[in-house]
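Below is query13.pdb, which holds PDB, N, CA and C atoms.
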```
MODEL        1
ATOM      1  N   MET A1278     196.052 108.474 204.987
ATOM      2  CA  MET A1278     195.161 107.444 205.481
ATOM      3  C   MET A1278     193.807 108.073 205.741
ATOM      4  N   SER A1279     192.775 107.440 205.262
ATOM      5  CA  SER A1279     191.429 107.979 205.409
ATOM      6  C   SER A1279     190.659 107.175 206.436
ATOM      7  N   ILE A1280     189.837 107.878 207.192
ATOM      8  CA  ILE A1280     188.950 107.228 208.153
ATOM      9  C   ILE A1280     187.547 107.306 207.571
ATOM     10  N   PHE A1281     186.937 106.153 207.411
ATOM     11  CA  PHE A1281     185.610 106.113 206.817
ATOM     12  C   PHE A1281     184.562 105.913 207.913
ATOM     13  N   TYR A1282     183.529 106.693 207.793
ATOM     14  CA  TYR A1282     182.415 106.558 208.714
ATOM     15  C   TYR A1282     181.291 105.835 207.999
ATOM     16  N   ASN A1283     180.476 105.220 208.748
ATOM     17  CA  ASN A1283     179.359 104.476 208.180
ATOM     18  C   ASN A1283     178.200 105.428 207.896
ATOM     19  N   ASN A1284     178.501 106.412 207.106
ATOM     20  CA  ASN A1284     177.514 107.427 206.782
ATOM     21  C   ASN A1284     177.264 107.367 205.282
ATOM     22  N   GLU A1285     176.027 107.505 204.897
ATOM     23  CA  GLU A1285     175.655 107.369 203.495
ATOM     24  C   GLU A1285     176.312 108.442 202.624
ATOM     25  N   ASN A1286     176.436 109.670 203.106
ATOM     26  CA  ASN A1286     177.051 110.747 202.327
ATOM     27  C   ASN A1286     178.531 110.466 202.055
ATOM     28  N   ASN A1287     179.227 109.982 203.061
ATOM     29  CA  ASN A1287     180.646 109.665 202.884
ATOM     30  C   ASN A1287     180.835 108.535 201.877
ATOM     31  N   ILE A1288     179.975 107.567 201.914
ATOM     32  CA  ILE A1288     180.063 106.452 200.976
ATOM     33  C   ILE A1288     179.840 106.958 199.556
ATOM     34  N   LYS A1289     178.895 107.860 199.360
ATOM     35  CA  LYS A1289     178.634 108.417 198.032
ATOM     36  C   LYS A1289     179.846 109.209 197.541
ATOM     37  N   ILE A1290     180.455 109.990 198.416
ATOM     38  CA  ILE A1290     181.620 110.789 198.039
ATOM     39  C   ILE A1290     182.790 109.885 197.669
ATOM     40  N   ILE A1291     183.012 108.871 198.463
ATOM     41  CA  ILE A1291     184.111 107.941 198.191
ATOM     42  C   ILE A1291     183.866 107.234 196.864
ATOM     43  N   TYR A1292     182.636 106.793 196.626
ATOM     44  CA  TYR A1292     182.304 106.118 195.374
ATOM     45  C   TYR A1292     182.506 107.067 194.196
ATOM     46  N   TYR A1293     182.061 108.309 194.322
ATOM     47  CA  TYR A1293     182.200 109.304 193.263
ATOM     48  C   TYR A1293     183.679 109.575 192.971
ATOM     49  N   ASN A1294     184.478 109.722 194.024
ATOM     50  CA  ASN A1294     185.914 109.944 193.840
ATOM     51  C   ASN A1294     186.582 108.759 193.159
ATOM     52  N   THR A1295     186.175 107.568 193.530
ATOM     53  CA  THR A1295     186.740 106.360 192.937
ATOM     54  C   THR A1295     186.382 106.280 191.462
ATOM     55  N   VAL A1296     185.126 106.553 191.140
ATOM     56  CA  VAL A1296     184.684 106.507 189.747
ATOM     57  C   VAL A1296     185.415 107.576 188.934
ATOM     58  N   MET A1297     185.559 108.774 189.492
ATOM     59  CA  MET A1297     186.253 109.847 188.786
ATOM     60  C   MET A1297     187.723 109.496 188.581
ATOM     61  N   ASN A1298     188.349 108.911 189.594
ATOM     62  CA  ASN A1298     189.746 108.511 189.452
ATOM     63  C   ASN A1298     189.896 107.447 188.370
ATOM     64  N   ASN A1299     188.973 106.498 188.326
ATOM     65  CA  ASN A1299     189.024 105.456 187.310
ATOM     66  C   ASN A1299     188.868 106.043 185.916
ATOM     67  N   GLU A1300     187.941 106.982 185.749
ATOM     68  CA  GLU A1300     187.740 107.607 184.447
ATOM     69  C   GLU A1300     188.978 108.395 184.027
ATOM     70  N   GLU A1301     189.576 109.110 184.968
ATOM     71  CA  GLU A1301     190.792 109.853 184.666
ATOM     72  C   GLU A1301     191.926 108.910 184.288
ATOM     73  N   LEU A1302     192.030 107.809 184.992
ATOM     74  CA  LEU A1302     193.076 106.838 184.685
ATOM     75  C   LEU A1302     192.861 106.209 183.309
ATOM     76  N   ILE A1303     191.614 105.942 182.974
ATOM     77  CA  ILE A1303     191.310 105.367 181.668
ATOM     78  C   ILE A1303     191.677 106.354 180.560
ATOM     79  N   LYS A1304     191.321 107.629 180.756
ATOM     80  CA  LYS A1304     191.670 108.650 179.762
ATOM     81  C   LYS A1304     193.184 108.770 179.616
ATOM     82  N   GLU A1305     193.862 108.801 180.742
ATOM     83  CA  GLU A1305     195.319 108.921 180.707
ATOM     84  C   GLU A1305     195.944 107.705 180.032
ATOM     85  N   ASN A1306     195.402 106.533 180.312
ATOM     86  CA  ASN A1306     195.888 105.305 179.704
ATOM     87  C   ASN A1306     195.733 105.368 178.187
ATOM     88  N   LEU A1307     194.586 105.833 177.715
ATOM     89  CA  LEU A1307     194.358 105.944 176.278
ATOM     90  C   LEU A1307     195.324 106.940 175.634
ATOM     91  N   LEU A1308     195.544 108.065 176.296
ATOM     92  CA  LEU A1308     196.485 109.052 175.766
ATOM     93  C   LEU A1308     197.898 108.479 175.689
ATOM     94  N   LEU A1309     198.296 107.760 176.721
ATOM     95  CA  LEU A1309     199.632 107.166 176.731
ATOM     96  C   LEU A1309     199.774 106.088 175.652
ATOM     97  N   ARG A1310     198.717 105.330 175.417
ATOM     98  CA  ARG A1310     198.763 104.315 174.355
ATOM     99  C   ARG A1310     198.915 104.967 172.986
ATOM    100  N   GLU A1311     198.163 106.055 172.771
ATOM    101  CA  GLU A1311     198.276 106.768 171.500
ATOM    102  C   GLU A1311     199.687 107.326 171.307
ATOM    103  N   GLU A1312     200.232 107.903 172.361
ATOM    104  CA  GLU A1312     201.590 108.446 172.290
ATOM    105  C   GLU A1312     202.599 107.332 172.034
ATOM    106  N   ASN A1313     202.403 106.192 172.677
ATOM    107  CA  ASN A1313     203.294 105.051 172.494
ATOM    108  C   ASN A1313     203.261 104.575 171.040
ATOM    109  N   GLU A1314     202.063 104.482 170.448
ATOM    110  CA  GLU A1314     201.948 104.053 169.056
ATOM    111  C   GLU A1314     202.620 105.054 168.117
ATOM    112  N   LYS A1315     202.452 106.336 168.411
ATOM    113  CA  LYS A1315     203.070 107.376 167.594
ATOM    114  C   LYS A1315     204.592 107.260 167.648
ATOM    115  N   LEU A1316     205.136 107.062 168.850
ATOM    116  CA  LEU A1316     206.587 106.930 169.004
ATOM    117  C   LEU A1316     207.113 105.657 168.339
ATOM    118  N   LYS A1317     206.348 104.577 168.420
ATOM    119  CA  LYS A1317     206.749 103.336 167.747
ATOM    120  C   LYS A1317     206.833 103.550 166.246
ATOM    121  N   GLN A1318     205.846 104.265 165.708
ATOM    122  CA  GLN A1318     205.835 104.540 164.274
ATOM    123  C   GLN A1318     207.031 105.394 163.872
ATOM    124  N   GLN A1319     207.349 106.414 164.669
ATOM    125  CA  GLN A1319     208.506 107.256 164.381
ATOM    126  C   GLN A1319     209.795 106.445 164.422
ATOM    127  N   LEU A1320     209.920 105.575 165.412
ATOM    128  CA  LEU A1320     211.115 104.738 165.527
ATOM    129  C   LEU A1320     211.230 103.792 164.340
ATOM    130  N   GLU A1321     210.114 103.219 163.935
ATOM    131  CA  GLU A1321     210.117 102.311 162.792
ATOM    132  C   GLU A1321     210.543 103.051 161.520
ATOM    133  N   ASN A1322     210.014 104.258 161.322
ATOM    134  CA  ASN A1322     210.397 105.046 160.148
ATOM    135  C   ASN A1322     211.883 105.385 160.182
ATOM    136  N   TYR A1323     212.376 105.753 161.356
ATOM    137  CA  TYR A1323     213.793 106.083 161.500
ATOM    138  C   TYR A1323     214.665 104.875 161.182
ATOM    139  N   ASN A1324     214.322 103.731 161.743
ATOM    140  CA  ASN A1324     215.112 102.520 161.508
ATOM    141  C   ASN A1324     215.061 102.100 160.047
ATOM    142  N   ASN A1325     213.891 102.212 159.421
ATOM    143  CA  ASN A1325     213.777 101.835 158.015
ATOM    144  C   ASN A1325     214.622 102.735 157.131
ATOM    145  N   SER A1326     214.660 104.029 157.452
ATOM    146  CA  SER A1326     215.468 104.942 156.641
ATOM    147  C   SER A1326     216.949 104.616 156.784
ATOM    148  N   ARG A1327     217.370 104.271 157.994
ATOM    149  CA  ARG A1327     218.776 103.921 158.196
ATOM    150  C   ARG A1327     219.108 102.612 157.473
ATOM    151  N   LYS A1328     218.198 101.641 157.537
ATOM    152  CA  LYS A1328     218.435 100.377 156.850
ATOM    153  C   LYS A1328     218.555 100.595 155.347
ATOM    154  N   SER A1329     217.657 101.419 154.813
ATOM    155  CA  SER A1329     217.693 101.633 153.367
ATOM    156  C   SER A1329     218.986 102.343 152.961
ATOM    157  N   TYR A1330     219.495 103.248 153.796
ATOM    158  CA  TYR A1330     220.758 103.913 153.490
ATOM    159  C   TYR A1330     221.879 102.887 153.396
ATOM    160  N   TYR A1331     221.956 101.995 154.382
ATOM    161  CA  TYR A1331     223.034 101.011 154.376
ATOM    162  C   TYR A1331     222.867  99.990 153.262
ATOM    163  N   GLU A1332     221.633  99.680 152.900
ATOM    164  CA  GLU A1332     221.427  98.755 151.787
ATOM    165  C   GLU A1332     221.861  99.400 150.467
ATOM    166  N   LYS A1333     221.581 100.690 150.304
ATOM    167  CA  LYS A1333     221.954 101.381 149.071
ATOM    168  C   LYS A1333     223.454 101.621 148.991
ATOM    169  N   ASN A1334     224.090 101.878 150.120
ATOM    170  CA  ASN A1334     225.504 102.250 150.146
ATOM    171  C   ASN A1334     226.371 101.201 150.824
ATOM    172  N   LYS A1335     226.004  99.961 150.678
ATOM    173  CA  LYS A1335     226.698  98.872 151.355
ATOM    174  C   LYS A1335     228.181  98.822 150.993
ATOM    175  N   GLU A1336     228.482  98.948 149.722
ATOM    176  CA  GLU A1336     229.882  98.871 149.276
ATOM    177  C   GLU A1336     230.696 100.035 149.832
ATOM    178  N   LEU A1337     230.103 101.234 149.821
ATOM    179  CA  LEU A1337     230.797 102.421 150.335
ATOM    180  C   LEU A1337     231.077 102.288 151.833
ATOM    181  N   VAL A1338     230.088 101.810 152.578
ATOM    182  CA  VAL A1338     230.244 101.645 154.028
ATOM    183  C   VAL A1338     231.325 100.610 154.326
ATOM    184  N   ASN A1339     231.309  99.494 153.603
ATOM    185  CA  ASN A1339     232.326  98.459 153.817
ATOM    186  C   ASN A1339     233.720  98.960 153.457
ATOM    187  N   GLN A1340     233.817  99.735 152.384
ATOM    188  CA  GLN A1340     235.102 100.273 151.971
ATOM    189  C   GLN A1340     235.657 101.228 153.027
ATOM    190  N   LYS A1341     234.800 102.096 153.571
ATOM    191  CA  LYS A1341     235.248 103.021 154.605
ATOM    192  C   LYS A1341     235.689 102.275 155.862
ATOM    193  N   ALA A1342     234.976 101.203 156.203
ATOM    194  CA  ALA A1342     235.343 100.411 157.381
ATOM    195  C   ALA A1342     236.706  99.757 157.184
ATOM    196  N   LYS A1343     236.957  99.238 155.985
ATOM    197  CA  LYS A1343     238.255  98.624 155.708
ATOM    198  C   LYS A1343     239.380  99.649 155.792
ATOM    199  N   GLU A1344     239.111 100.856 155.279
ATOM    200  CA  GLU A1344     240.122 101.909 155.348
ATOM    201  C   GLU A1344     240.420 102.293 156.789
ATOM    202  N   ARG A1345     239.380 102.380 157.618
ATOM    203  CA  ARG A1345     239.596 102.702 159.036
ATOM    204  C   ARG A1345     240.422 101.625 159.719
ATOM    205  N   MET A1346     240.133 100.358 159.397
ATOM    206  CA  MET A1346     240.883  99.266 160.020
ATOM    207  C   MET A1346     242.351  99.289 159.571
ATOM    208  N   LYS A1347     242.602  99.580 158.291
ATOM    209  CA  LYS A1347     243.992  99.664 157.814
ATOM    210  C   LYS A1347     244.731 100.801 158.515
ATOM    211  N   LYS A1348     244.049 101.937 158.649
ATOM    212  CA  LYS A1348     244.656 103.087 159.311
ATOM    213  C   LYS A1348     244.960 102.765 160.772
ATOM    214  N   MET A1349     244.014 102.086 161.431
ATOM    215  CA  MET A1349     244.207 101.723 162.830
ATOM    216  C   MET A1349     245.339 100.709 162.965
ATOM    217  N   ALA A1350     245.438  99.788 162.009
ATOM    218  CA  ALA A1350     246.499  98.785 162.058
ATOM    219  C   ALA A1350     247.866  99.446 161.950
ATOM    220  N   GLN A1351     247.958 100.510 161.181
ATOM    221  CA  GLN A1351     249.234 101.210 161.040
ATOM    222  C   GLN A1351     249.543 102.035 162.288
ATOM    223  N   GLU A1352     248.539 102.721 162.813
ATOM    224  CA  GLU A1352     248.756 103.613 163.945
ATOM    225  C   GLU A1352     248.847 102.889 165.282
ATOM    226  N   ASN A1353     247.981 101.881 165.471
ATOM    227  CA  ASN A1353     247.900 101.228 166.775
ATOM    228  C   ASN A1353     247.582  99.739 166.589
ATOM    229  N   PRO A1354     248.585  98.923 166.291
ATOM    230  CA  PRO A1354     248.320  97.489 166.042
ATOM    231  C   PRO A1354     247.834  96.738 167.284
ATOM    232  N   ASP A1355     248.122  97.250 168.469
ATOM    233  CA  ASP A1355     247.652  96.579 169.681
ATOM    234  C   ASP A1355     246.131  96.624 169.782
ATOM    235  N   LYS A1356     245.546  97.677 169.252
ATOM    236  CA  LYS A1356     244.089  97.808 169.294
ATOM    237  C   LYS A1356     243.432  96.704 168.459
ATOM    238  N   ILE A1357     244.029  96.371 167.320
ATOM    239  CA  ILE A1357     243.512  95.295 166.465
ATOM    240  C   ILE A1357     243.571  93.966 167.210
ATOM    241  N   LYS A1358     244.670  93.730 167.908
ATOM    242  CA  LYS A1358     244.807  92.496 168.686
ATOM    243  C   LYS A1358     243.751  92.436 169.787
ATOM    244  N   GLU A1359     243.509  93.587 170.405
ATOM    245  CA  GLU A1359     242.506  93.653 171.464
ATOM    246  C   GLU A1359     241.110  93.323 170.909
ATOM    247  N   TYR A1360     240.785  93.888 169.744
ATOM    248  CA  TYR A1360     239.491  93.603 169.111
ATOM    249  C   TYR A1360     239.355  92.117 168.780
ATOM    250  N   ALA A1361     240.428  91.534 168.232
ATOM    251  CA  ALA A1361     240.394  90.120 167.853
ATOM    252  C   ALA A1361     240.210  89.236 169.087
ATOM    253  N   LYS A1362     240.906  89.562 170.157
ATOM    254  CA  LYS A1362     240.790  88.772 171.387
ATOM    255  C   LYS A1362     239.377  88.862 171.953
ATOM    256  N   LYS A1363     238.826  90.071 171.951
ATOM    257  CA  LYS A1363     237.473  90.272 172.461
ATOM    258  C   LYS A1363     236.454  89.488 171.628
ATOM    259  N   ALA A1364     236.609  89.520 170.316
ATOM    260  CA  ALA A1364     235.712  88.782 169.433
ATOM    261  C   ALA A1364     235.819  87.276 169.694
ATOM    262  N   TYR A1365     237.043  86.792 169.876
ATOM    263  CA  TYR A1365     237.261  85.373 170.155
ATOM    264  C   TYR A1365     236.591  84.971 171.466
ATOM    265  N   LEU A1366     236.751  85.788 172.504
ATOM    266  CA  LEU A1366     236.157  85.457 173.804
ATOM    267  C   LEU A1366     234.627  85.486 173.736
ATOM    268  N   ASN A1367     234.076  86.440 173.009
ATOM    269  CA  ASN A1367     232.615  86.489 172.855
ATOM    270  C   ASN A1367     232.103  85.264 172.113
ATOM    271  N   LYS A1368     232.793  84.885 171.048
ATOM    272  CA  LYS A1368     232.391  83.704 170.284
ATOM    273  C   LYS A1368     232.476  82.447 171.145
ATOM    274  N   LYS A1369     233.528  82.360 171.931
ATOM    275  CA  LYS A1369     233.732  81.199 172.810
ATOM    276  C   LYS A1369     232.615  81.114 173.854
ATOM    277  N   SER A1370     232.256  82.246 174.454
ATOM    278  CA  SER A1370     231.197  82.232 175.473
ATOM    279  C   SER A1370     229.849  81.873 174.858
ATOM    280  N   LYS A1371     229.580  82.345 173.639
ATOM    281  CA  LYS A1371     228.322  81.990 172.975
ATOM    282  C   LYS A1371     228.250  80.498 172.690
ATOM    283  N   LEU A1372     229.358  79.925 172.258
ATOM    284  CA  LEU A1372     229.396  78.486 172.000
ATOM    285  C   LEU A1372     229.173  77.692 173.283
ATOM    286  N   GLU A1373     229.779  78.145 174.380
ATOM    287  CA  GLU A1373     229.593  77.464 175.665
ATOM    288  C   GLU A1373     228.141  77.553 176.123
ATOM    289  N   GLN A1374     227.513  78.707 175.948
ATOM    290  CA  GLN A1374     226.107  78.855 176.329
ATOM    291  C   GLN A1374     225.218  77.962 175.477
ATOM    292  N   ALA A1375     225.500  77.884 174.187
ATOM    293  CA  ALA A1375     224.719  77.021 173.300
ATOM    294  C   ALA A1375     224.883  75.562 173.703
ATOM    295  N   LYS A1376     226.078  75.194 174.100
ATOM    296  CA  LYS A1376     226.343  73.818 174.535
ATOM    297  C   LYS A1376     225.559  73.504 175.810
ATOM    298  N   ILE A1377     225.566  74.429 176.762
ATOM    299  CA  ILE A1377     224.826  74.239 178.014
ATOM    300  C   ILE A1377     223.333  74.138 177.740
ATOM    301  N   GLU A1378     222.808  75.018 176.884
ATOM    302  CA  GLU A1378     221.376  74.993 176.554
ATOM    303  C   GLU A1378     220.983  73.708 175.865
ATOM    304  N   SER A1379     221.861  73.193 174.984
ATOM    305  CA  SER A1379     221.550  71.952 174.273
ATOM    306  C   SER A1379     221.540  70.761 175.238
ATOM    307  N   GLN A1380     222.348  70.819 176.304
ATOM    308  CA  GLN A1380     222.358  69.743 177.289
ATOM    309  C   GLN A1380     221.098  69.742 178.127
ATOM    310  N   HIS A1381     220.529  70.924 178.391
ATOM    311  CA  HIS A1381     219.320  71.029 179.195
ATOM    312  C   HIS A1381     218.085  70.582 178.431
ATOM    313  N   ILE A1382     218.138  70.636 177.145
ATOM    314  CA  ILE A1382     216.989  70.227 176.331
ATOM    315  C   ILE A1382     217.001  68.764 176.131
TER     316      ILE A1382
ENDMDL
END
```
For the structure just supplied, provide its representation as structure tokens.
Amino acid sequence: MSIFYNNENNIKIIYYNTVMNNEELIKENLLLREENEKLKQQLENYNNSRKSYYEKNKELVNQKAKERMKKMAQENPDKIKEYAKKAYLNKKSKLEQAKIESQHI
């Protein structure tokens, strides 16, 4: 907590400190914006590369997924039932939410 006196020198110092703090904040803000844009670009490039991989190898990815599900069905059929039940409950809740939203409109 600062105590301000009605002295011209103190007012000048406070004003100078405020202006310097504002300039520092503006510089920091600009640096953070640049860093944010750089990170967004990196994320976009990463996501695009992953999308292109799956688009090129769609059949291979689907085939591997089917093989994993067959293997899981043989080893642990209860897990398949659990997945199906979870999917059903999620679908049911989405339908209920859509119904509620349509009533409010």
So the first atom is atom N of Arg1310 in chain A and the second is atom N of Asn1322 in chain A; what is the distance between them in Å, to one decimal place?
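So the answer is 18.1 Å.
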Coordinates-based distance that separates atom N of Gln1340 in chain A from CA of Glu1352 in chain A (Å, one decimal):
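It comes out at 19.3 Å.
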Å distance separating CA of Arg1327 in chain A from atom N of Lys1315 in chain A, one decimal place:
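CA of Arg1327 in chain A sits 19.4 Å away from atom N of Lys1315 in chain A.
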Report, as lines of an AutoDock Vina configuration file, the centre and edge lengths in Å (one decimal) of the axis-aligned box enclosing every listed atom of range 1330-1341 of chain A, padded by 4 Å on each side.
```
center_x = 227.6
center_y = 101.2
center_z = 152.4
size_x = 24.2
size_y = 13.5
size_z = 14.9
```
